[in-house]
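Have a look at the structure below before the remarks.
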Amino acid sequence: MRPYLEVLPRQSGVSWPMLNRRLDDAIPFVWHHHPEFELTLTLNSVGQRFIGDHTGEYEDGDLVLVGPNLPHTWASREKLDPAVPHRALVLWFHPDWMRQMTAGAVELRPIEQLMVRGQNGLQFSKETGMAVRPQFETIFDRPPAERLLSLLSILTQVAADRQAAPLASTPGQQPALQESRERIDRVLTHLHLNYARPLGLDELADIAALSVSGLHRMFRRHTGTTVSDYLIRMRIGDACARLSSTSQPVAHIADAVGYASLANFNRQFRAEKGMTPRDYRAHFRRDEG
């Protein structure tokens, strides 16, 4: 598995990184974080994205902002057009660098506000994704100065999207110690790869090379929540994606996301979402209609 802390690519003559990523086989699960904001437009791909404790479905045209140091990854299921690759058009910018860019420019104040709103991650509306897609697809071919102007234009447009929905329940955490960061990285990676099966605290403590009490303290320090609450939000998030995008029976979904007891699944779903899984599916379909 690749290192958890991603060091972004740098080019001479430019002050911010970007990537036109094309993958023929799949977008792999690679759980990682970095101190930069990340704005990603995903094309010709369907699957799941994981951002902090958020789990959701994505499809062609999905536009998401990931906050600094917020762990995240995408994992594809299929391509819409098998003849062309999965594409992820990615723009990164460091918050300190962007604040220097916007300082004193009242015209760019919406970008500053976007950075405040985007700490926990944001999913933008389909309309906003369609509106900025032409600029996204041409920005890679522009000279450096025009790329910068395009970045500011794109960010200004997405900042105006009042339908943008927050994703993770907590923002990314600045690592206090490298050793502690490496421990929590191992635990979070294991959680995101195995949340659909039974997971014991002893198992996670062994991965962190800590006692169970030490695991509790470290996990809360880095995530702001407990292991059990984090795991519940991941499982319920996956269940919501399945309820809204498939016709799978509720019992099947409960089992698929890690609940051996349907009653326990229903109880925790209601506690998280304020309604039963069946009511959630019916409510979502009414909204879609």
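Labels for the structure tokens follow display order: chains A, B, ..., residues from 1 in each chain, ligands from 1.
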### Task
From a DSSP calculation on the backbone, collect every residue of segment 18-265 of chain A in strand (DSSP E) and output the set as a PyMOL selection string.
chain A and resi 18-23+37-43+46-51+54-58+62-66+72-78+86-93+122-123+165-166
Please identify every residue of segment 102-186 of chain A that has at least one atom no farther than 12 Å from an atom of segment 32-46 of chain A, counting only C-alpha atoms, and for each give the shortest atom pair and the distance in Å to one decimal, arranged by chain then increasing number, as a tab-separated table.
```
residue	atom	partner	partner_atom	distance
A:Ile111	CA	A:Phe37	CA	11.9
A:Leu114	CA	A:Phe37	CA	10.7
A:Met115	CA	A:Phe37	CA	8.2
A:Val116	CA	A:Phe37	CA	11.1
A:Arg117	CA	A:Phe37	CA	11.7
A:Gly118	CA	A:Phe37	CA	8.4
A:Gln119	CA	A:Phe37	CA	8.4
A:Asn120	CA	A:Phe37	CA	10.5
A:Gly121	CA	A:Phe37	CA	9.1
A:Leu122	CA	A:Leu39	CA	9.4
A:Gln123	CA	A:Leu39	CA	9.9
A:Phe124	CA	A:Leu41	CA	10.1
A:Ser125	CA	A:Leu41	CA	11.8
A:Lys126	CA	A:Leu41	CA	10.9
A:Thr128	CA	A:Leu41	CA	10.8
A:Gly129	CA	A:Leu41	CA	7.5
A:Met130	CA	A:Leu41	CA	9.9
A:Ala131	CA	A:Leu41	CA	11.7
A:Val132	CA	A:Leu41	CA	9.3
A:Arg133	CA	A:Leu41	CA	7.8
A:Pro134	CA	A:Leu41	CA	11.1
A:Gln135	CA	A:Leu41	CA	11.1
A:Phe136	CA	A:Leu41	CA	7.8
A:Glu137	CA	A:Leu41	CA	9.5
A:Leu151	CA	A:Leu39	CA	10.1
A:Ile154	CA	A:Leu39	CA	9.8
A:Leu155	CA	A:Leu39	CA	8.9
A:Val158	CA	A:Leu39	CA	9.9
A:Ala159	CA	A:Leu39	CA	11.8
A:Pro171	CA	A:Phe37	CA	11.7
A:Gly172	CA	A:His33	CA	8.6
A:Gln173	CA	A:Pro35	CA	9.7
A:Gln174	CA	A:Pro35	CA	8.4
A:Pro175	CA	A:Pro35	CA	10.2
A:Arg181	CA	A:His33	CA	10.9
A:Glu182	CA	A:His32	CA	11.3
A:Ile184	CA	A:His32	CA	11.5
A:Asp185	CA	A:His32	CA	8.2
A:Arg186	CA	A:His32	CA	10.6
```
### Who sits within 12 Å of Leu210 of chain A, only C-alpha atoms, same chain under 4 positions skipped, as number ranges by chain
A: 179-180, 183-184, 186-187, 201-206, 214-219
### Task
Tell me, as a VMD selection string, which residues lie within 12 Å of segment 240-244 of chain A, counting only C-alpha atoms; anything in the same chain fewer than 5 positions away does not count.
chain A and resid 47 to 50 54 to 59 233 to 235 249 to 257 265 269 to 270 272 to 273 275 to 288
Once you count only C-alpha atoms, what closest atom pair and distance in Å to one decimal does each residue of segment 186-215 of chain A within 10 Å of segment 68-73 of chain A have, with rows by chain and rising residue number, as CSV?
```
residue,atom,partner,partner_atom,distance
A:Leu188,CA,A:Pro71,CA,8.6
A:Thr189,CA,A:Pro71,CA,9.3
A:His192,CA,A:Thr73,CA,9.7
```
### Query
Per DSSP on the backbone, what are the alpha helix (DSSP H) residues of segment 111-188 of chain A, as a PyMOL selection string?
chain A and resi 111-117+126-138+144-159+178-188
### Query
What is the atom CA of Pro82 of chain A to atom CA of Val66 of chain A distance in Å?
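Straight-line distance from atom CA of Pro82 of chain A to atom CA of Val66 of chain A works out to 27.7 Å.
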### Task
Between atom CA of Leu23 of chain A and atom CA of Asp62 of chain A, measure the distance and give it in Å to one decimal.
16.5 Å
### Query
Between A:Gln248, A:Ser169, A:Ser150, A:Asn266, which has the minimum distance to Leu91 of chain A (counting only C-alpha atoms)?
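Comparing A:Gln248, A:Ser169, A:Ser150, A:Asn266 against Leu91 of chain A, the winner is A:Ser150.
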### Query
Quick one: distance from atom CA of Thr138 of chain A to atom CA of Arg21 of chain A in Å, one decimal?
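These atoms are spaced 13.8 Å apart.
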